[in-house]
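Structure file work15.cif (mmCIF, C-alpha atoms) is printed below.
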data_model
loop_
_atom_site.label_atom_id
_atom_site.label_comp_id
_atom_site.auth_asym_id
_atom_site.auth_seq_id
_atom_site.Cartn_x
_atom_site.Cartn_y
_atom_site.Cartn_z
CA MET P 21 199.77 124.83 -13.10
CA LYS P 22 197.11 126.09 -10.72
CA ALA P 23 194.35 125.63 -13.31
CA SER P 24 195.01 121.92 -13.66
CA MET P 25 194.73 121.17 -9.90
CA PRO P 26 191.43 119.47 -9.07
CA TYR P 27 189.33 121.91 -7.06
CA ALA P 28 185.94 121.21 -5.60
CA PHE P 29 183.93 124.42 -5.55
CA LEU P 30 181.18 122.94 -3.45
CA SER P 31 182.38 120.55 -0.79
CA LEU P 32 181.15 119.34 2.55
CA ALA P 33 184.67 119.68 4.00
CA LYS P 34 184.77 123.40 3.23
CA VAL P 35 181.47 124.09 5.01
CA ARG P 36 182.46 121.81 7.91
CA ASP P 37 185.71 123.73 8.36
CA LEU P 38 183.91 127.07 8.19
CA LEU P 39 181.54 125.88 10.93
CA ARG P 40 184.33 124.50 13.11
CA SER P 41 186.46 127.64 12.83
CA GLY P 42 183.49 129.80 13.74
CA VAL P 43 183.38 131.85 10.55
CA MET P 44 179.94 130.38 9.87
CA LYS P 45 177.72 130.22 12.95
CA GLU P 46 175.52 127.21 13.77
CA SER P 47 172.42 129.30 13.01
CA GLU P 48 173.81 130.05 9.56
CA LYS P 49 174.45 126.39 8.73
CA PRO P 50 173.08 125.66 5.25
CA CYS P 51 169.98 123.45 5.29
CA TRP P 52 171.54 120.96 2.86
CA TYR P 53 174.59 120.27 5.08
CA ASP P 54 173.12 117.44 7.15
CA VAL P 55 171.35 115.94 4.14
CA TYR P 56 174.58 115.93 2.11
CA ALA P 57 176.47 114.36 5.03
CA ALA P 58 173.83 111.62 5.34
CA PHE P 59 173.36 111.00 1.60
CA PRO P 60 176.54 111.95 -0.26
CA PRO P 61 176.55 111.68 -4.06
CA THR P 62 178.23 108.72 -5.81
CA ARG P 63 180.96 111.00 -7.05
CA GLU P 64 182.28 114.15 -5.39
CA PRO P 65 181.57 117.12 -7.70
CA VAL P 66 185.17 117.98 -8.58
CA TYR P 67 185.46 119.84 -11.87
CA GLN P 68 187.19 118.01 -14.72
CA LYS P 69 187.83 119.24 -18.21
CA GLN P 70 187.04 117.07 -21.18
CA LYS P 71 190.29 115.59 -22.55
CA GLU P 72 190.70 115.10 -26.30
CA ARG P 73 191.24 111.57 -27.52
CA PHE P 74 194.41 111.34 -29.59
CA GLY P 75 195.98 108.65 -31.69
CA LYS P 76 194.98 105.02 -31.38
CA VAL P 77 193.00 105.24 -28.14
CA GLN P 78 189.97 103.01 -28.56
CA ASP P 79 186.42 104.19 -28.01
CA PRO P 80 185.47 102.86 -24.54
CA VAL P 81 181.76 102.89 -25.41
CA GLN P 82 180.84 99.63 -27.12
CA ALA P 83 178.73 99.54 -30.27
CA ILE P 84 175.37 97.80 -29.85
CA PHE P 85 174.74 95.07 -32.44
CA TYR P 86 172.42 92.07 -32.37
CA GLN P 87 172.46 88.73 -34.21
CA GLU P 88 169.30 89.79 -36.06
CA ASP P 89 171.23 92.72 -37.58
CA LEU P 90 172.91 90.32 -40.03
CA ILE P 91 169.52 89.15 -41.29
CA ARG P 92 168.24 92.74 -41.38
CA ALA P 93 171.25 93.82 -43.47
CA LYS P 94 170.63 90.99 -45.96
CA PHE P 95 166.91 91.83 -46.13
CA TYR P 96 167.58 95.48 -46.98
CA GLU P 97 170.21 94.48 -49.52
CA VAL P 98 167.67 92.30 -51.36
CA TYR P 99 164.39 94.19 -50.87
CA GLY P 100 165.51 97.76 -50.38
CA ASN P 101 163.24 99.64 -47.97
CA GLY P 102 160.68 96.86 -47.70
CA PRO P 103 157.15 96.49 -49.15
CA ARG P 104 155.21 98.49 -46.56
CA PRO P 105 156.20 101.70 -44.73
CA PHE P 106 156.85 101.78 -40.97
CA GLU P 107 153.79 102.78 -38.92
CA LEU P 108 155.47 104.70 -36.11
CA THR P 109 152.15 105.70 -34.53
CA GLN P 110 151.61 102.10 -33.38
CA SER P 111 153.99 101.04 -30.63
CA ASN P 112 153.43 97.31 -31.31
CA PHE P 113 154.08 97.56 -35.05
CA VAL P 114 156.12 94.71 -36.57
CA SER P 115 157.70 95.47 -39.93
CA THR P 116 158.30 92.89 -42.65
CA CYS P 117 162.02 93.02 -41.95
CA GLN P 118 161.45 92.43 -38.25
CA SER P 119 159.21 89.43 -38.92
CA PHE P 120 161.99 87.98 -41.14
CA ALA P 121 164.59 88.61 -38.48
CA SER P 122 162.52 87.01 -35.71
CA GLY P 123 162.03 83.71 -37.59
CA GLY P 124 160.52 84.30 -41.03
CA SER P 125 156.90 84.83 -42.03
CA GLN P 126 155.00 82.93 -44.71
CA ASP P 127 153.30 86.01 -46.21
CA ALA P 128 156.41 87.23 -48.01
CA GLY P 129 156.61 83.96 -49.95
CA LYS P 130 153.10 84.48 -51.40
CA ARG P 131 153.92 87.97 -52.59
CA ASP P 132 157.10 87.39 -54.50
CA PRO P 133 158.31 83.79 -54.65
CA VAL P 134 161.33 84.58 -56.84
CA LEU P 135 162.73 87.23 -54.53
CA ASP P 136 161.81 85.11 -51.56
CA LEU P 137 163.89 82.24 -52.98
CA THR P 138 166.91 84.52 -53.41
CA LEU P 139 166.53 85.70 -49.80
CA GLN P 140 166.21 82.12 -48.55
CA ASP P 141 169.35 81.22 -50.51
CA LEU P 142 171.17 84.21 -49.06
CA LEU P 143 170.10 83.24 -45.54
CA LYS P 144 171.22 79.66 -46.13
CA GLY P 145 174.52 81.00 -47.48
CA LEU P 146 174.87 83.08 -44.30
CA GLN P 147 174.19 80.08 -42.08
CA GLU P 148 176.71 77.98 -44.03
CA ASP P 149 179.34 80.72 -43.66
CA GLN P 150 178.75 80.79 -39.92
CA GLU P 151 179.01 77.01 -39.66
CA GLU P 152 182.26 77.02 -41.65
CA GLN P 153 183.72 79.63 -39.35
CA ALA P 154 182.65 77.65 -36.30
CA GLN P 155 184.27 74.51 -37.76
CA LYS P 156 187.49 76.40 -38.48
CA GLU P 157 187.57 77.70 -34.94
CA GLY P 158 186.93 74.18 -33.69
CA ARG P 159 189.91 72.87 -35.76
CA LEU P 160 192.16 75.67 -34.51
CA GLN P 161 191.24 74.89 -30.92
CA THR P 162 191.95 71.18 -31.38
CA GLN P 163 195.27 72.09 -33.01
CA ASP P 164 196.13 74.33 -30.07
CA GLU P 165 195.22 71.59 -27.62
CA ALA P 166 197.36 69.10 -29.61
CA MET R 29 171.43 135.31 3.90
CA ARG R 30 173.51 132.92 5.99
CA LEU R 31 175.46 131.79 2.95
CA LEU R 32 175.96 135.39 1.87
CA GLN R 33 177.33 136.29 5.27
CA SER R 34 179.70 133.37 5.15
CA VAL R 35 180.89 134.23 1.66
CA LEU R 36 181.13 137.98 2.27
CA PRO R 37 181.69 138.29 6.03
CA ARG R 38 182.22 142.02 5.96
CA LEU R 39 178.75 142.65 4.68
CA ALA R 40 176.54 143.65 7.58
CA CYS R 41 173.39 141.85 6.46
CA VAL R 42 170.22 142.14 8.45
CA THR R 43 168.91 138.68 9.30
CA THR R 44 165.58 139.09 7.56
CA ARG R 45 164.28 136.32 5.38
CA THR R 46 163.28 138.00 2.14
CA SER R 47 162.06 135.68 -0.57
CA LEU R 48 163.94 135.59 -3.84
CA SER R 49 162.22 138.11 -6.10
CA VAL R 50 161.76 137.45 -9.84
CA PRO R 51 165.31 137.61 -11.17
CA VAL R 52 164.83 138.95 -14.71
CA PRO R 53 163.32 142.44 -15.06
CA ARG R 54 162.32 141.70 -18.67
CA TYR R 55 159.70 139.17 -17.68
CA GLN R 56 157.55 139.42 -14.57
CA PRO R 57 154.44 137.28 -14.19
CA LYS R 58 151.48 139.30 -12.90
CA ASP R 59 151.12 137.64 -9.51
CA GLN R 60 154.75 138.37 -8.61
CA LEU R 61 154.73 142.04 -9.61
CA HIS R 62 153.75 143.36 -6.19
CA ARG R 63 155.80 140.97 -4.04
CA HIS R 64 156.57 142.34 -0.60
CA ALA R 65 159.38 141.35 1.74
CA GLU R 66 158.24 138.72 4.24
CA VAL R 67 157.88 139.63 7.91
CA PRO R 68 161.03 138.49 9.79
CA THR R 69 160.35 135.23 11.67
CA PRO R 70 160.76 135.57 15.46
CA THR R 71 163.38 133.34 17.09
CA LEU R 72 161.80 130.14 18.45
CA PRO R 73 162.19 129.16 22.13
CA GLU R 74 164.94 126.60 22.79
CA SER R 75 162.74 123.56 23.50
CA VAL R 76 161.00 123.98 20.16
CA GLN R 77 164.40 124.34 18.44
CA GLU R 78 165.51 121.07 19.99
CA GLU R 79 162.27 119.42 18.87
CA ASN R 80 162.87 120.77 15.40
CA ASN R 81 166.42 119.45 15.30
CA ARG R 82 165.29 116.02 16.51
CA LEU R 83 162.58 115.95 13.83
CA LEU R 84 165.10 116.73 11.13
CA ALA R 85 167.67 114.27 12.44
CA ASP R 86 165.04 111.48 12.55
CA SER R 87 164.20 112.01 8.89
CA LEU R 88 167.83 111.32 7.94
CA LYS R 89 167.92 107.92 9.65
CA HIS R 90 165.80 106.20 6.99
CA SER R 91 167.46 105.49 3.63
CA ASP R 92 164.28 106.47 1.75
CA PHE R 93 162.19 108.52 4.16
CA PHE R 94 159.89 109.87 1.45
CA HIS R 95 159.68 106.62 -0.61
CA VAL R 96 160.88 108.38 -3.74
CA SER R 97 161.91 105.07 -5.31
CA GLU R 98 158.20 104.18 -5.57
CA LEU R 99 157.50 107.19 -7.78
CA PHE R 100 159.06 105.74 -10.92
CA SER R 101 160.46 102.56 -12.44
CA LEU R 102 163.00 101.75 -15.15
CA LYS R 103 160.11 100.98 -17.53
CA ASP R 104 158.72 104.50 -17.01
CA LEU R 105 162.10 105.98 -17.91
CA PHE R 106 162.30 103.79 -21.02
CA ASN R 107 158.80 104.74 -22.16
CA ALA R 108 159.60 108.42 -21.68
CA ARG R 109 162.68 107.97 -23.94
CA VAL R 110 165.14 108.96 -21.23
CA HIS R 111 167.76 106.57 -22.63
CA PHE R 112 168.23 108.42 -25.92
CA GLY R 113 171.43 110.43 -26.03
CA HIS R 114 172.91 112.54 -28.79
CA LYS R 115 175.03 111.29 -31.69
CA LYS R 116 178.52 109.90 -31.18
CA GLY R 117 180.23 113.05 -32.45
CA CYS R 118 178.48 115.23 -29.81
CA ARG R 119 179.52 113.05 -26.93
CA ASN R 120 181.28 114.55 -23.93
CA ARG R 121 184.03 112.12 -22.81
CA LEU R 122 183.13 112.68 -19.17
CA MET R 123 179.72 111.09 -19.85
CA GLU R 124 181.28 107.81 -21.05
CA PRO R 125 180.82 106.00 -17.72
CA TYR R 126 177.07 106.70 -17.88
CA ILE R 127 176.57 105.54 -21.48
CA PHE R 128 175.43 101.95 -22.07
CA GLY R 129 176.49 101.74 -25.71
CA CYS R 130 176.25 103.28 -29.14
CA ARG R 131 173.57 102.02 -31.54
CA LEU R 132 174.25 103.15 -35.12
CA GLU R 133 176.14 106.21 -33.81
CA GLN R 134 173.42 107.24 -31.33
CA ASP R 135 174.45 107.06 -27.66
CA ILE R 136 172.19 105.03 -25.41
CA ILE R 137 172.30 106.09 -21.76
CA ASP R 138 172.53 103.33 -19.13
CA LEU R 139 169.12 103.38 -17.44
CA ASP R 140 170.27 101.25 -14.48
CA GLN R 141 172.59 104.05 -13.48
CA SER R 142 169.95 106.67 -14.27
CA VAL R 143 167.54 105.00 -11.85
CA LEU R 144 170.12 105.09 -9.03
CA HIS R 145 171.09 108.68 -9.69
CA LEU R 146 167.48 109.79 -9.99
CA GLN R 147 166.63 108.15 -6.66
CA GLN R 148 169.53 109.93 -4.96
CA ALA R 149 168.60 113.27 -6.52
CA LEU R 150 164.90 113.00 -5.63
CA ASN R 151 165.76 111.96 -2.09
CA PHE R 152 168.04 114.99 -1.69
CA THR R 153 165.37 117.31 -3.15
CA ALA R 154 162.75 115.89 -0.80
CA HIS R 155 164.94 116.41 2.26
CA CYS R 156 165.74 120.00 1.21
CA ALA R 157 162.04 120.72 0.73
CA TYR R 158 161.32 119.08 4.11
CA ARG R 159 163.72 121.57 5.70
CA LYS R 160 161.88 124.46 3.97
CA GLY R 161 164.73 125.13 1.58
CA ILE R 162 164.25 127.39 -1.43
CA ILE R 163 164.41 125.45 -4.70
CA LEU R 164 165.09 127.05 -8.07
CA PHE R 165 164.35 125.31 -11.37
CA VAL R 166 166.71 126.43 -14.13
CA SER R 167 166.67 125.56 -17.80
CA ARG R 168 167.39 127.30 -21.04
CA ILE R 169 165.31 125.13 -23.36
CA ARG R 170 162.73 127.49 -24.75
CA GLN R 171 160.39 124.63 -25.69
CA PHE R 172 159.82 123.72 -22.01
CA ALA R 173 160.06 127.16 -20.37
CA HIS R 174 156.33 127.34 -19.72
CA LEU R 175 156.12 123.76 -18.45
CA ILE R 176 158.97 124.35 -15.99
CA GLU R 177 157.48 127.59 -14.72
CA LYS R 178 154.14 125.86 -14.24
CA THR R 179 155.80 122.97 -12.38
CA ALA R 180 157.62 125.39 -10.09
CA LYS R 181 154.46 127.34 -9.36
CA GLU R 182 152.46 124.19 -8.60
CA SER R 183 155.13 122.90 -6.26
CA GLY R 184 155.38 126.27 -4.51
CA GLU R 185 158.96 126.91 -5.56
CA TYR R 186 160.78 129.13 -8.05
CA ALA R 187 161.86 128.88 -11.67
CA HIS R 188 164.21 130.72 -13.97
CA ALA R 189 163.73 129.53 -17.54
CA ARG R 190 164.72 132.78 -19.26
CA TYR R 191 167.94 134.60 -20.08
CA TRP R 192 170.36 134.34 -17.15
CA GLN R 193 171.96 137.63 -16.17
CA GLY R 194 175.61 137.22 -15.26
CA GLY R 195 175.61 138.29 -11.64
CA LEU R 196 172.36 136.74 -10.53
CA LEU R 197 173.90 134.54 -7.83
CA THR R 198 177.39 136.00 -7.50
CA ASN R 199 176.34 139.67 -7.53
CA ALA R 200 172.96 139.29 -5.85
CA HIS R 201 173.51 141.83 -3.08
CA VAL R 202 174.27 144.55 -5.63
CA GLN R 203 171.45 143.64 -8.02
CA TYR R 204 168.71 142.93 -5.48
CA GLY R 205 169.76 144.74 -2.32
CA THR R 206 171.01 143.45 1.03
CA GLY R 207 169.30 140.67 2.92
CA ILE R 208 168.71 138.52 -0.12
CA HIS R 209 168.23 134.79 0.48
CA LEU R 210 169.77 132.71 -2.31
CA PRO R 211 168.26 129.35 -3.27
CA ASP R 212 169.24 126.33 -1.18
CA LEU R 213 169.01 123.96 -4.15
CA ILE R 214 169.08 124.48 -7.90
CA ILE R 215 167.50 121.90 -10.21
CA PHE R 216 168.63 121.94 -13.84
CA LEU R 217 166.25 120.42 -16.36
CA SER R 218 169.07 120.95 -18.84
CA THR R 219 172.63 122.01 -18.01
CA MET R 220 173.30 123.46 -21.46
CA ASN R 221 172.39 126.91 -22.69
CA ASN R 222 171.23 127.88 -26.16
CA ILE R 223 174.75 127.85 -27.63
CA PHE R 224 175.60 124.33 -26.40
CA GLU R 225 177.87 125.52 -23.60
CA GLN R 226 177.45 124.75 -19.95
CA HIS R 227 174.91 127.02 -18.26
CA VAL R 228 176.58 129.77 -16.22
CA ALA R 229 174.41 128.88 -13.23
CA VAL R 230 176.16 125.51 -12.80
CA ARG R 231 179.48 127.17 -12.08
CA ASP R 232 177.94 130.04 -10.10
CA ALA R 233 175.96 127.72 -7.86
CA ALA R 234 179.11 125.75 -7.09
CA LYS R 235 180.88 129.02 -6.26
CA MET R 236 178.09 130.12 -3.92
CA ASN R 237 177.98 126.75 -2.11
CA ILE R 238 174.57 125.86 -3.51
CA PRO R 239 174.08 122.14 -4.26
CA THR R 240 172.76 121.30 -7.73
CA VAL R 241 170.65 118.52 -9.14
CA GLY R 242 170.78 118.31 -12.93
CA ILE R 243 169.74 116.23 -15.93
CA VAL R 244 172.95 115.61 -17.89
CA ASP R 245 172.63 114.51 -21.49
CA SER R 246 175.41 112.78 -23.41
CA ASN R 247 176.83 116.13 -24.58
CA CYS R 248 177.01 117.70 -21.08
CA ASN R 249 179.81 117.95 -18.52
CA PRO R 250 178.50 116.22 -15.36
CA THR R 251 181.45 116.94 -13.09
CA LEU R 252 180.27 120.19 -11.46
CA ILE R 253 176.75 118.99 -10.73
CA THR R 254 176.39 117.64 -7.17
CA TYR R 255 173.70 115.07 -8.04
CA PRO R 256 173.78 114.47 -11.81
CA ILE R 257 171.02 112.43 -13.45
CA PRO R 258 172.19 110.97 -16.78
CA GLY R 259 169.23 111.17 -19.13
CA ASN R 260 167.63 112.77 -22.16
CA ASP R 261 166.90 116.48 -21.81
CA ASP R 262 165.50 117.13 -25.29
CA SER R 263 162.39 114.94 -25.68
CA PRO R 264 159.11 116.43 -24.41
CA SER R 265 158.09 113.08 -22.87
CA ALA R 266 161.32 112.90 -20.85
CA VAL R 267 161.12 116.49 -19.57
CA LYS R 268 157.45 116.04 -18.67
CA LEU R 269 158.40 112.97 -16.63
CA TYR R 270 161.14 114.85 -14.78
CA CYS R 271 158.85 117.79 -14.01
CA LYS R 272 156.18 115.40 -12.73
CA LEU R 273 158.67 113.56 -10.50
CA PHE R 274 160.20 116.72 -9.03
CA LYS R 275 156.79 118.22 -8.35
CA MET R 276 155.59 115.03 -6.64
CA THR R 277 158.68 114.77 -4.42
CA ILE R 278 158.56 118.41 -3.35
CA LEU R 279 154.84 118.29 -2.55
CA ARG R 280 155.29 115.00 -0.68
CA ALA R 281 158.09 116.43 1.42
CA LYS R 282 156.15 119.61 2.21
CA ASP R 283 153.03 117.66 3.17
CA LYS R 284 155.10 115.44 5.43
CA ARG R 285 156.62 118.49 7.09
CA ARG R 286 153.20 120.01 7.68
CA GLN R 287 151.98 116.69 9.13
CA MET R 288 154.96 116.47 11.47
CA ASP R 289 154.57 120.06 12.63
CA LEU R 290 150.89 119.50 13.37
CA LEU R 291 151.66 116.24 15.18
CA HIS R 292 154.27 117.86 17.36
CA GLY R 293 152.06 120.88 17.93
CA ILE R 294 149.34 118.54 19.24
CA GLN R 295 151.91 116.67 21.37
CA GLU R 296 153.07 119.92 22.94
CA GLU R 297 149.52 120.93 23.72
CA LEU R 298 148.93 117.55 25.39
CA THR R 299 152.11 117.83 27.48
CA GLU R 300 151.13 121.37 28.54
#
Please, can you express the file's structure as structure tokens?
Amino acid sequence: MKASMPYAFLSLAKVRDLLRSGVMKESEKPCWYDVYAAFPPTREPVYQKQKERFGKVQDPVQAIFYQEDLIRAKFYEVYGNGPRPFELTQSNFVSTCQSFASGGSQDAGKRDPVLDLTLQDLLKGLQEDQEEQAQKEGRLQTQDEA
Amino acid sequence: MRLLQSVLPRLACVTTRTSLSVPVPRYQPKDQLHRHAEVPTPTLPESVQEENNRLLADSLKHSDFFHVSELFSLKDLFNARVHFGHKKGCRNRLMEPYIFGCRLEQDIIDLDQSVLHLQQALNFTAHCAYRKGIILFVSRIRQFAHLIEKTAKESGEYAHARYWQGGLLTNAHVQYGTGIHLPDLIIFLSTMNNIFEQHVAVRDAAKMNIPTVGIVDSNCNPTLITYPIPGNDDSPSAVKLYCKLFKMTILRAKDKRRQMDLLHGIQEELTE
């Protein structure tokens, strides 16, 4: 099908051929020709249509997650939205959740010791889960080696 | 004029250099209402032509003749929120190579690539301005129409931030008369129009052999743009940054050209 053939509307080769054949005179050479020849783009501007993704094709763009996200998820599960609202006007604002995620603050303990205990327990539980998983993986590896 | 003759060779165009008049009859800023056609430039003597050619060829030897890479840094792009793309569902698959990742369903554009592409685009713009090319800023975001027109005016170039009539580039000789000089470069501050389809000017510029520089967001098709710049086109901070950068490059290139012309003018006087 003619429509599916890749066609470059704008190309250096087309202008070069026009100049060589004499259809376009040297005086009519476009001012961008030499610049394009010296600094070509990373990708030639050939038109491509967007293709639909069908079936089990995986999303090539990876999801961005951090280690702190686990702690953040636990925090929001326990505390809900958090004690104080986010101050978006300040660019250096650190929320309660963020201070937990980056190592734990002592202020939260003073406010609500009971809830704080449950969070500490949950975090410990999380750490224990991670250690168990690491141990299991270690055992599997030793089994594979053996 | 030259491009028009190449595209439509039968048309007997007079080789006058008329500036591109305001395209849309609905809106005409006051200072452009009584625009006259420019006086045709006389042909230069051969020695000066050769000088000119040598000047232009010399500028291409340096990889960054106008030091455009000094105008911005990755941190500036980050602070201006250039890395924010649209949501995952809006994504154009052809933008996937330029996207760093997806954070809670919002696409994050890879700023390392944006820096490279922006450098290339600014370098190309600077060289075109150095060669006295006509530059047209195009966008269909109503929020930034005034900003873009102001940027174009301050850099001494042209803008079209209003409704785009179909035959503006492809039917120019019928709409604006013979001897029209089309832009040598079109800069898109956004390649989408108000109904989230690709702007007609992208395709028309490619048809008319006009190179394009364009900001492509995560929902845009970057394949027809000659020098795409992956980045955010919706935040005011990002668009302000782009306008500032384009204005600075164009003014730098024009100043350099004026300097060079003066220098060579003095040299000629000395030799004579």
- request: Apply the PyMOL selection byres ((chain P) within 12 of (chain R)) to the structure shown and report the selected residues as a PyMOL selection string.
  value: chain P and resi 26-35+37-39+41-73+79-86+89+111
The PyMOL selection byres ((chain P and resi 103) around 10) applied to the shown file, residues as a PDB file with C-alpha atoms, keeping the file's coordinate frame:
ATOM      1  CA  TYR P  99     164.390  94.190 -50.870  1.00  0.00           C
ATOM      2  CA  GLY P 100     165.510  97.760 -50.380  1.00  0.00           C
ATOM      3  CA  ASN P 101     163.240  99.640 -47.970  1.00  0.00           C
ATOM      4  CA  GLY P 102     160.680  96.860 -47.700  1.00  0.00           C
ATOM      5  CA  ARG P 104     155.210  98.490 -46.560  1.00  0.00           C
ATOM      6  CA  PRO P 105     156.200 101.700 -44.730  1.00  0.00           C
ATOM      7  CA  PHE P 106     156.850 101.780 -40.970  1.00  0.00           C
ATOM      8  CA  SER P 115     157.700  95.470 -39.930  1.00  0.00           C
ATOM      9  CA  THR P 116     158.300  92.890 -42.650  1.00  0.00           C
ATOM     10  CA  CYS P 117     162.020  93.020 -41.950  1.00  0.00           C
ATOM     11  CA  ALA P 128     156.410  87.230 -48.010  1.00  0.00           C
ATOM     12  CA  ARG P 131     153.920  87.970 -52.590  1.00  0.00           C
TER      13      ARG P 131
END
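For the pair CA of Arg168 in chain R and CA of His188 in chain R, the interatomic distance is 8.5 Å.
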- prompt: CA of Thr277 in chain R to CA of Ala200 in chain R: how many Å, to one decimal?
  reply: 28.4 Å
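Of note, CA of Ala266 in chain R and CA of Thr219 in chain R are spaced 14.8 Å apart.
Applied to the file shown here, the PyMOL selection byres ((chain R and resi 112) around 10) selects R:Phe106, R:Ala108, R:Arg109, R:Val110, R:His111, R:Gly113, R:His114, R:Lys115, R:Ile127, R:Gln134, R:Asp135, R:Ile136, R:Ile137, R:Asp138, R:Leu139, R:Asp245, R:Ser246, R:Gly259, R:Asn260, R:Asp261, R:Asp262, R:Ser263, R:Ala266.
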task: Name all residues at most 8 Å from range 190-192 of chain R (count all atoms listed in the file; drop same-chain ones fewer than 2 positions away) and give them as a list in words.
output: Val52, Ser167, Arg168, Arg170, Ala173, His188, Gly194, Leu196, Val228 and Ala229 of chain R
Output, as JSON, the centre and edge lengths in Å (one decimal) of the axis-aligned box that contains all listed atoms of range 138-157 of chain P with 6 Å of margin on each side.
{"center_x": 176.9, "center_y": 80.1, "center_z": -44.2, "size_x": 33.4, "size_y": 23.2, "size_z": 30.5}
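Counting all atoms listed in the file and comparing R:Arg285, R:His209, R:Lys103, R:His95, the residue that lies closest to Ser142 in chain R is R:Lys103.
Shortest atom-to-atom contact with Ile278 in chain R among R:Glu182, R:Asp92, R:Glu225, R:Asp104: R:Glu182, counting all atoms listed in the file.
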message: Residues within 8 Å of Leu143 in chain P, please, as a PyMOL selection string. Count only C-alpha atoms; anything in the same chain fewer than 3 positions from it doesn't count.
response: chain P and resi 91+94+139-140+146-147
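Counting all atoms listed in the file, the residue from R:Val244, R:Met276, R:Leu298, R:Cys271 that sits nearest to Lys178 in chain R is R:Cys271.
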